[in-house]
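Student: Here it is: the structure, laid out below.
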Amino acid sequence: MSELPGDLQYTSDHEWLRREDDGSVTVGITDHAQSALGDLVYVELPEVNQEVEAGGDMAVVESVKAASDVYAPIGGTVVAVNEALSDDPEAINNDPYGDGWIVKLEPGGDEGELLSPDAYQALLDDIDS
Amino acid sequence: MTKKTPLFDQHVAAGARIVDFGGWDMPLHYGSQKEEHYAVRQHAGVFDVSHMTIVDLAGERARDFLRYLLANDVAKLTASGKALYTCMLNEQGGVIDDLIVYFVDNTHYRLVVNAATREKDLAWLRKQAGEFDVKVSERAELAMLAVQGPRAREIAAPCIESEFRDAALGLKPFHGMDAGDWFVARTGYTGEDGWEVVLPAAEAPKLWDRLLAAGVRPCGLGARDTLRLEAAMNLYGNDMDETVSPLESGLGWTVAWEPADRDFIGRTALEKQRAEGDTRRFVGLLLEDKGVLRDHQRVVVDGVGEGEITSGGFSPTIGRSIALARVPAGDYGSAQVDIRGKLLNVRIVKVPFVRNGEIRIDV
């Protein structure tokens with residue numbers, strides 16, 4: 001099991017978020033999530049300027065196997081989407097914390113329940129055991 | 001408590017993601033479902049299908065029994081080892097299971113039925129067999145491997161006992177033979193050439209290891225599903241079940257109407273359905289837009305009506321999404337599928353989508 005990036009926050013739905021210097025928040029799915037989904041073949045992205053609520057549907061990632069919802073970890077407005085994923089959804093498999101980012105949000109409104117790297121690691125350990 | 005095949009340790013050693021499939025611990029994939037899919041289309045892959053149920057039938061009236069039990073006609077089988085694909089129907093013409101029957105001789109046959117339907121199949125077989133005095137024996141002690149792909153037979157041949165090797169390589173499609181304790185058949189569920197090998201459980205790990213050492217890629221249930229979908233081979237429980245007939249499931253070709261005086265279970269119901277002539281059709285769909293077609297999505301055929309996807313997914317060979325669907329009879333023009341509330345364009349196409357490594361539809 002690879003080490004979790006320490007500079008990110010996580011959710012119990014296996015998503016990660018990074019607080020950027022400009023105040024925006026980048027969101028993706030974790031290595032555990034991409035591995036469980038398998039080879040990704042399609043990503044349905046939200047519209048820029050779309051408003052999202054914490055815990056609400058935000059995107060859909062589809063693997064060869066199944067479709068899976070990506071929830072907004074915090075409330076806010078979509079300020080950017082990773083258009084490159086429409087031609088290369090496997091970037092999520094290959095680099096879940098980097099090129100595989102999905103959405104950038106401008107925070108506004110409620111924050112969902114976020115986990116520290118240690119807390120998320122504990123959740124993963126629980127799943128493995 | 002889930003059941004394990006004789007190859008469970010091999011799967012774990014090969015890095016399999018194990019899932020519960022009909023009560024069995026089975027490999028879903030060994031890292032990349034897509035790479036496994038490509039291996040079978042381009043080279044060779046091996047699947048553990050030991051969870052499937054093998055049933056041997058023996059009795060003076062075994063042939064009469066199967067001619068009554070099955071919608072296809074085992075009277076077509078005259079050469080030892082010849083295989084026949086067929087449905088086993090209930091009185092209403094619904095599909096209890098689909099299966100392959102191998103002819104040994106007029107008093108001996110071997111059936112391979114689905115794992116998930118094992119109990120009801122055995123109960124039905126035993127119930128119907130009584131009248132014919134046919135002995136029904138499950139062969140749970142046997143393992144089964146499917147080695148599939150354009151190079152599968154050539155690579156697997158050295159694993160066959162030398163005295164049987166040439167005969168095995170000479171098997172025609174849909175024929176099988178005994179090779180000592182093994183049974184080798186040129187059958188499969190991928191749309192590629194290859195063999196299915198039935199052998200004693202204790203010998204299965206060695207065959208598996210030898211195939212992997214020879215460059216055959218281990219393949220899981222995930223790739224098995226995308227391969228069979230591209231080949232437009234039906235999956236029981238998805239594409240048909242006890243509520244639909246073979247005529248509504250793209251399996252009309254497996255129903256032997258002749259001779260007209262052969263009575264088989266479900267015949268009366270099927271004849272009625274055929275006479276009415278407006279049975280739903282089973283079609284292939286190609287998604288024109290980006291996205292992925294999935295099971296149970298609603299299909300809207302303009303001017304005809306609504307149907308449903310029975311098996312949908314992504315085709316690694318085509319690079320787009322494909323599906324099998326049941327739709328009302330009619331003249332088909334444009335059609336759409338409802339994906340999360342959006343109607344996306346699909347084209348109704350003639351299946352298979354892919355066979356023997358080649359795309360068979362216009363894309």
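Ligands are numbered from 1 in the order shown, chains are lettered A, B, ... in the order of the structure tokens, and residues start at 1 in each chain.
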Please identify every residue of chain B that has at least one atom no farther than 8 Å from an atom of chain A, counting only C-alpha atoms, and for each give the shortest atom pair and the distance in Å to one decimal, arranged by chain then increasing number, as JSON lines.

Tutor:
{"residue": "B:Gly31", "atom": "CA", "partner": "A:Gly38", "partner_atom": "CA", "distance": 7.8}
{"residue": "B:Ser32", "atom": "CA", "partner": "A:Asp39", "partner_atom": "CA", "distance": 6.5}
{"residue": "B:Gln33", "atom": "CA", "partner": "A:Asp39", "partner_atom": "CA", "distance": 6.8}
{"residue": "B:Lys34", "atom": "CA", "partner": "A:Asp39", "partner_atom": "CA", "distance": 6.8}
{"residue": "B:Gly222", "atom": "CA", "partner": "A:Lys65", "partner_atom": "CA", "distance": 7.0}
{"residue": "B:Lys290", "atom": "CA", "partner": "A:Tyr42", "partner_atom": "CA", "distance": 7.5}
{"residue": "B:Gly291", "atom": "CA", "partner": "A:Tyr42", "partner_atom": "CA", "distance": 6.0}
{"residue": "B:Val292", "atom": "CA", "partner": "A:Tyr42", "partner_atom": "CA", "distance": 7.1}
{"residue": "B:Gly313", "atom": "CA", "partner": "A:Val64", "partner_atom": "CA", "distance": 6.6}
{"residue": "B:Phe314", "atom": "CA", "partner": "A:Val64", "partner_atom": "CA", "distance": 5.6}

Student: With N, CA and C atoms kept, could you save the residues just selected as a PDB file, in the first residue's frame?

Tutor:
ATOM      1  N   GLY B  31      -5.198  -6.804 -12.053  1.00  0.00           N
ATOM      2  CA  GLY B  31      -4.525  -5.504 -12.193  1.00  0.00           C
ATOM      3  C   GLY B  31      -5.216  -4.649 -13.230  1.00  0.00           C
ATOM      4  N   SER B  32      -5.300  -5.124 -14.459  1.00  0.00           N
ATOM      5  CA  SER B  32      -5.957  -4.338 -15.513  1.00  0.00           C
ATOM      6  C   SER B  32      -6.873  -5.210 -16.353  1.00  0.00           C
ATOM      7  N   GLN B  33      -8.165  -4.951 -16.198  1.00  0.00           N
ATOM      8  CA  GLN B  33      -9.166  -5.687 -16.983  1.00  0.00           C
ATOM      9  C   GLN B  33      -8.971  -5.452 -18.481  1.00  0.00           C
ATOM     10  N   LYS B  34      -8.607  -4.208 -18.846  1.00  0.00           N
ATOM     11  CA  LYS B  34      -8.439  -3.907 -20.261  1.00  0.00           C
ATOM     12  C   LYS B  34      -7.269  -4.659 -20.878  1.00  0.00           C
ATOM     13  N   GLY B 222     -13.981  -9.939 -15.126  1.00  0.00           N
ATOM     14  CA  GLY B 222     -14.224  -8.645 -15.757  1.00  0.00           C
ATOM     15  C   GLY B 222     -13.964  -8.720 -17.254  1.00  0.00           C
ATOM     16  N   LYS B 290     -20.188  10.222 -26.245  1.00  0.00           N
ATOM     17  CA  LYS B 290     -19.341   9.733 -25.157  1.00  0.00           C
ATOM     18  C   LYS B 290     -20.205   9.309 -23.985  1.00  0.00           C
ATOM     19  N   GLY B 291     -19.717   8.362 -23.201  1.00  0.00           N
ATOM     20  CA  GLY B 291     -20.477   7.861 -22.071  1.00  0.00           C
ATOM     21  C   GLY B 291     -20.404   6.349 -22.072  1.00  0.00           C
ATOM     22  N   VAL B 292     -21.102   5.732 -21.145  1.00  0.00           N
ATOM     23  CA  VAL B 292     -21.084   4.272 -21.056  1.00  0.00           C
ATOM     24  C   VAL B 292     -22.506   3.753 -20.860  1.00  0.00           C
ATOM     25  N   GLY B 313     -21.851  -1.908 -21.578  1.00  0.00           N
ATOM     26  CA  GLY B 313     -20.514  -1.672 -21.054  1.00  0.00           C
ATOM     27  C   GLY B 313     -19.646  -0.982 -22.074  1.00  0.00           C
ATOM     28  N   PHE B 314     -18.372  -0.916 -21.742  1.00  0.00           N
ATOM     29  CA  PHE B 314     -17.395  -0.278 -22.610  1.00  0.00           C
ATOM     30  C   PHE B 314     -16.693  -1.367 -23.403  1.00  0.00           C
TER      31      PHE B 314
END

Student: Quick one: residues within 12 Å of segment 81-85 of chain B, only C-alpha atoms counted, chain neighbours fewer than 5 positions away excluded, as a VMD selection string?

Tutor: chain B and resid 66 70 to 76 97 to 106 108 to 113 168 171 to 179 183 to 189 196 233 to 234 251 to 256

Student: How about saving the chosen residues, C-alpha atoms kept, as a PDB file, in the first residue's frame?

Tutor:
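File produced: result_22.pdb:
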ATOM      1  CA  LEU B  66     -32.435 -34.471 -23.701  1.00  0.00           C
ATOM      2  CA  LEU B  70     -33.777 -28.986 -24.327  1.00  0.00           C
ATOM      3  CA  ALA B  71     -35.005 -26.511 -26.945  1.00  0.00           C
ATOM      4  CA  ASN B  72     -32.198 -27.431 -29.326  1.00  0.00           C
ATOM      5  CA  ASP B  73     -32.147 -30.997 -30.605  1.00  0.00           C
ATOM      6  CA  VAL B  74     -29.376 -33.374 -29.531  1.00  0.00           C
ATOM      7  CA  ALA B  75     -30.327 -35.582 -32.478  1.00  0.00           C
ATOM      8  CA  LYS B  76     -28.093 -33.185 -34.451  1.00  0.00           C
ATOM      9  CA  ASP B  97     -30.579 -21.747 -18.083  1.00  0.00           C
ATOM     10  CA  ASP B  98     -28.419 -21.814 -21.183  1.00  0.00           C
ATOM     11  CA  LEU B  99     -25.884 -24.581 -21.444  1.00  0.00           C
ATOM     12  CA  ILE B 100     -23.556 -26.584 -23.643  1.00  0.00           C
ATOM     13  CA  VAL B 101     -24.211 -30.272 -24.145  1.00  0.00           C
ATOM     14  CA  TYR B 102     -21.409 -32.558 -25.332  1.00  0.00           C
ATOM     15  CA  PHE B 103     -22.266 -35.836 -27.039  1.00  0.00           C
ATOM     16  CA  VAL B 104     -20.314 -38.850 -25.825  1.00  0.00           C
ATOM     17  CA  ASP B 105     -22.615 -41.543 -27.226  1.00  0.00           C
ATOM     18  CA  ASN B 106     -26.370 -42.100 -27.336  1.00  0.00           C
ATOM     19  CA  HIS B 108     -23.899 -40.598 -22.318  1.00  0.00           C
ATOM     20  CA  TYR B 109     -23.853 -36.802 -22.452  1.00  0.00           C
ATOM     21  CA  ARG B 110     -22.026 -34.069 -20.574  1.00  0.00           C
ATOM     22  CA  LEU B 111     -23.659 -30.738 -19.721  1.00  0.00           C
ATOM     23  CA  VAL B 112     -21.897 -27.539 -18.648  1.00  0.00           C
ATOM     24  CA  VAL B 113     -24.354 -25.209 -16.908  1.00  0.00           C
ATOM     25  CA  ALA B 168      -6.543 -31.956 -30.020  1.00  0.00           C
ATOM     26  CA  LEU B 171     -10.441 -30.441 -33.352  1.00  0.00           C
ATOM     27  CA  LYS B 172     -12.923 -28.398 -35.347  1.00  0.00           C
ATOM     28  CA  PRO B 173     -14.798 -25.517 -33.668  1.00  0.00           C
ATOM     29  CA  PHE B 174     -17.431 -26.764 -31.230  1.00  0.00           C
ATOM     30  CA  HIS B 175     -15.907 -30.242 -31.040  1.00  0.00           C
ATOM     31  CA  GLY B 176     -14.276 -31.888 -28.046  1.00  0.00           C
ATOM     32  CA  MET B 177     -12.435 -35.097 -27.164  1.00  0.00           C
ATOM     33  CA  ASP B 178     -11.173 -37.127 -24.254  1.00  0.00           C
ATOM     34  CA  ALA B 179      -7.437 -36.828 -23.717  1.00  0.00           C
ATOM     35  CA  PHE B 183     -11.506 -33.416 -21.824  1.00  0.00           C
ATOM     36  CA  VAL B 184     -10.459 -30.803 -24.395  1.00  0.00           C
ATOM     37  CA  ALA B 185     -12.983 -28.837 -26.467  1.00  0.00           C
ATOM     38  CA  ARG B 186     -12.598 -26.070 -29.031  1.00  0.00           C
ATOM     39  CA  THR B 187     -15.184 -23.869 -27.355  1.00  0.00           C
ATOM     40  CA  GLY B 188     -15.235 -20.651 -25.354  1.00  0.00           C
ATOM     41  CA  TYR B 189     -17.043 -17.486 -24.401  1.00  0.00           C
ATOM     42  CA  GLU B 196     -11.808 -25.286 -22.770  1.00  0.00           C
ATOM     43  CA  MET B 233     -22.837 -13.877 -26.388  1.00  0.00           C
ATOM     44  CA  ASN B 234     -25.713 -13.883 -23.925  1.00  0.00           C
ATOM     45  CA  LEU B 251     -31.527 -17.093 -29.304  1.00  0.00           C
ATOM     46  CA  GLY B 252     -34.159 -18.134 -31.856  1.00  0.00           C
ATOM     47  CA  TRP B 253     -31.358 -19.876 -33.764  1.00  0.00           C
ATOM     48  CA  THR B 254     -30.899 -22.311 -30.877  1.00  0.00           C
ATOM     49  CA  VAL B 255     -34.516 -23.531 -31.025  1.00  0.00           C
ATOM     50  CA  ALA B 256     -34.889 -26.641 -33.202  1.00  0.00           C
TER      51      ALA B 256
END

Student: Find the residue from A:Leu114, A:Val79, A:Ile29, A:Leu4 that sits nearest to Asp99 of chain A; use only C-alpha atoms when measuring.

Tutor: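 Ranked by minimum distance to Asp99 of chain A, first place goes to A:Ile29.
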
Student: With only C-alpha atoms as the atoms that count, which of A:Leu45, A:Ala122, A:Pro107, A:Ser129 lies nearest to Ala84 of chain A?

Tutor: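 For Ala84 of chain A, the nearest of the given residues is A:Leu45.
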
Student: Give me the residues near Ser245 of chain B as a list in words, where near means some atom within 7 Å (using only C-alpha atoms) and where sequence neighbours in that chain fewer than 3 positions away do not count.

Tutor: Gly93, Gly94, Val95, Glu248 and Ser249 of chain B

Student: Choose the residue, out of B:Leu199, B:Ile322, B:Leu89, B:Val300, that has the smallest atom-to-atom separation from Leu227 of chain B; count only C-alpha atoms.

Tutor: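 Closest to Leu227 of chain B, using only C-alpha atoms: B:Ile322.
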
Student: Which residues are close to Gly112 of chain A, i.e. within 8 Å by only C-alpha atoms, leaving aside same-chain residues fewer than 2 positions away? Reply as a count of residues only.

Tutor: 7

Student: Need the shell around segment 283-289 of chain B: protein/DNA/RNA residues with any atom at most 7 Å away, counting only C-alpha atoms. Skip same-chain ones fewer than 4 positions apart. Format as a PyMOL selection string?

Tutor: chain B and resi 320-326+344-351

Student: Write the residues of the preceding selection, restricted to N, CA and C atoms, as a PDB file, in the first residue's frame.

Tutor:
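The resulting file, selection21.pdb, is reproduced below:
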ATOM      1  N   ARG B 320     -15.467   2.364 -27.662  1.00  0.00           N
ATOM      2  CA  ARG B 320     -16.733   3.052 -27.406  1.00  0.00           C
ATOM      3  C   ARG B 320     -17.651   2.114 -26.630  1.00  0.00           C
ATOM      4  N   SER B 321     -18.791   2.652 -26.233  1.00  0.00           N
ATOM      5  CA  SER B 321     -19.688   1.826 -25.443  1.00  0.00           C
ATOM      6  C   SER B 321     -20.662   1.061 -26.330  1.00  0.00           C
ATOM      7  N   ILE B 322     -20.924  -0.187 -25.946  1.00  0.00           N
ATOM      8  CA  ILE B 322     -21.859  -1.050 -26.683  1.00  0.00           C
ATOM      9  C   ILE B 322     -22.825  -1.687 -25.697  1.00  0.00           C
ATOM     10  N   ALA B 323     -23.902  -2.249 -26.231  1.00  0.00           N
ATOM     11  CA  ALA B 323     -24.879  -2.903 -25.360  1.00  0.00           C
ATOM     12  C   ALA B 323     -25.715  -3.896 -26.140  1.00  0.00           C
ATOM     13  N   LEU B 324     -26.319  -4.798 -25.393  1.00  0.00           N
ATOM     14  CA  LEU B 324     -27.381  -5.659 -25.905  1.00  0.00           C
ATOM     15  C   LEU B 324     -28.666  -5.170 -25.262  1.00  0.00           C
ATOM     16  N   ALA B 325     -29.758  -5.148 -26.030  1.00  0.00           N
ATOM     17  CA  ALA B 325     -31.002  -4.595 -25.506  1.00  0.00           C
ATOM     18  C   ALA B 325     -32.204  -5.357 -26.049  1.00  0.00           C
ATOM     19  N   ARG B 326     -33.274  -5.343 -25.269  1.00  0.00           N
ATOM     20  CA  ARG B 326     -34.534  -5.942 -25.714  1.00  0.00           C
ATOM     21  C   ARG B 326     -35.496  -4.796 -26.005  1.00  0.00           C
ATOM     22  N   LEU B 344     -29.135  10.043 -24.956  1.00  0.00           N
ATOM     23  CA  LEU B 344     -27.969  10.036 -25.842  1.00  0.00           C
ATOM     24  C   LEU B 344     -28.235   9.133 -27.032  1.00  0.00           C
ATOM     25  N   ASN B 345     -27.706   9.512 -28.207  1.00  0.00           N
ATOM     26  CA  ASN B 345     -27.970   8.758 -29.437  1.00  0.00           C
ATOM     27  C   ASN B 345     -27.226   7.432 -29.460  1.00  0.00           C
ATOM     28  N   VAL B 346     -27.968   6.393 -29.855  1.00  0.00           N
ATOM     29  CA  VAL B 346     -27.359   5.086 -30.096  1.00  0.00           C
ATOM     30  C   VAL B 346     -27.751   4.633 -31.506  1.00  0.00           C
ATOM     31  N   ARG B 347     -26.939   3.778 -32.059  1.00  0.00           N
ATOM     32  CA  ARG B 347     -27.263   3.167 -33.359  1.00  0.00           C
ATOM     33  C   ARG B 347     -27.551   1.684 -33.123  1.00  0.00           C
ATOM     34  N   ILE B 348     -28.641   1.201 -33.725  1.00  0.00           N
ATOM     35  CA  ILE B 348     -28.960  -0.220 -33.632  1.00  0.00           C
ATOM     36  C   ILE B 348     -28.118  -0.946 -34.672  1.00  0.00           C
ATOM     37  N   VAL B 349     -27.338  -1.908 -34.236  1.00  0.00           N
ATOM     38  CA  VAL B 349     -26.396  -2.574 -35.139  1.00  0.00           C
ATOM     39  C   VAL B 349     -26.589  -4.086 -35.113  1.00  0.00           C
ATOM     40  N   LYS B 350     -26.089  -4.715 -36.168  1.00  0.00           N
ATOM     41  CA  LYS B 350     -26.139  -6.162 -36.264  1.00  0.00           C
ATOM     42  C   LYS B 350     -24.944  -6.727 -35.499  1.00  0.00           C
ATOM     43  N   VAL B 351     -25.212  -7.660 -34.603  1.00  0.00           N
ATOM     44  CA  VAL B 351     -24.130  -8.236 -33.795  1.00  0.00           C
ATOM     45  C   VAL B 351     -23.596  -9.496 -34.491  1.00  0.00           C
TER      46      VAL B 351
END

Student: Could you pull the residues within 10 Å of Leu343 of chain B, counting only C-alpha atoms, minus those fewer than 5 positions along the same chain, as a PyMOL selection string?

Tutor: chain B and resi 298-300+335-338

Student: Take the residues that were just selected and, keeping N, CA and C atoms, output them as a short mmCIF file (atom, residue, chain, number, x, y, z; two decimals), in the first residue's frame.

Tutor:
data_model
loop_
_atom_site.label_atom_id
_atom_site.label_comp_id
_atom_site.auth_asym_id
_atom_site.auth_seq_id
_atom_site.Cartn_x
_atom_site.Cartn_y
_atom_site.Cartn_z
N ARG B 298 -32.90 2.70 -20.00
CA ARG B 298 -34.09 2.74 -20.85
C ARG B 298 -33.68 3.08 -22.29
N VAL B 299 -34.22 2.32 -23.24
CA VAL B 299 -33.94 2.56 -24.66
C VAL B 299 -35.21 3.10 -25.31
N VAL B 300 -35.09 4.21 -26.02
CA VAL B 300 -36.23 4.79 -26.71
C VAL B 300 -35.99 4.65 -28.21
N ALA B 335 -32.53 5.92 -32.40
CA ALA B 335 -32.83 5.49 -31.03
C ALA B 335 -31.94 6.23 -30.06
N GLN B 336 -32.43 6.32 -28.81
CA GLN B 336 -31.65 6.97 -27.74
C GLN B 336 -31.69 6.10 -26.49
N VAL B 337 -30.70 6.35 -25.65
CA VAL B 337 -30.67 5.68 -24.35
C VAL B 337 -30.64 6.75 -23.27
N ASP B 338 -31.41 6.50 -22.23
CA ASP B 338 -31.51 7.43 -21.10
C ASP B 338 -30.38 7.14 -20.12
#

Student: Taking only C-alpha atoms into account, name the residue in B:Cys219, B:Val244, B:Val301, B:Ile361 that is nearest to Cys87 of chain B.

Tutor: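 Using only C-alpha atoms, the shortest distance to Cys87 of chain B belongs to B:Val244.
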
Student: Find the residues near Ile92 of chain A: any atom within 7 Å, counting only C-alpha atoms, skip ones fewer than 4 places away on the same chain, and give them as a list in words.

Tutor: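 Non-adjacent residues within range: Gln34, Pro96 and Gly100 of chain A.
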
Student: Would you write out those residues with N, CA and C atoms, as a PDB file, in the first residue's frame?

Tutor:
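Result file again_7.pdb:
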ATOM      1  N   GLN A  34      -9.482   4.603  -7.231  1.00  0.00           N
ATOM      2  CA  GLN A  34      -9.216   4.256  -8.634  1.00  0.00           C
ATOM      3  C   GLN A  34      -8.879   2.780  -8.770  1.00  0.00           C
ATOM      4  N   PRO A  96      -3.627   9.576  -9.662  1.00  0.00           N
ATOM      5  CA  PRO A  96      -4.873  10.038  -9.028  1.00  0.00           C
ATOM      6  C   PRO A  96      -4.729  11.368  -8.283  1.00  0.00           C
ATOM      7  N   GLY A 100      -4.695  13.373 -12.556  1.00  0.00           N
ATOM      8  CA  GLY A 100      -6.043  12.822 -12.476  1.00  0.00           C
ATOM      9  C   GLY A 100      -7.018  13.654 -11.655  1.00  0.00           C
TER      10      GLY A 100
END

Student: Which residue gives the smallest distance to Ser68 of chain A among A:Glu47, A:Asp13, A:Thr26, A:His32, with only C-alpha atoms counted?

Tutor: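 Ranking A:Glu47, A:Asp13, A:Thr26, A:His32 by distance to Ser68 of chain A, first place goes to A:Asp13.
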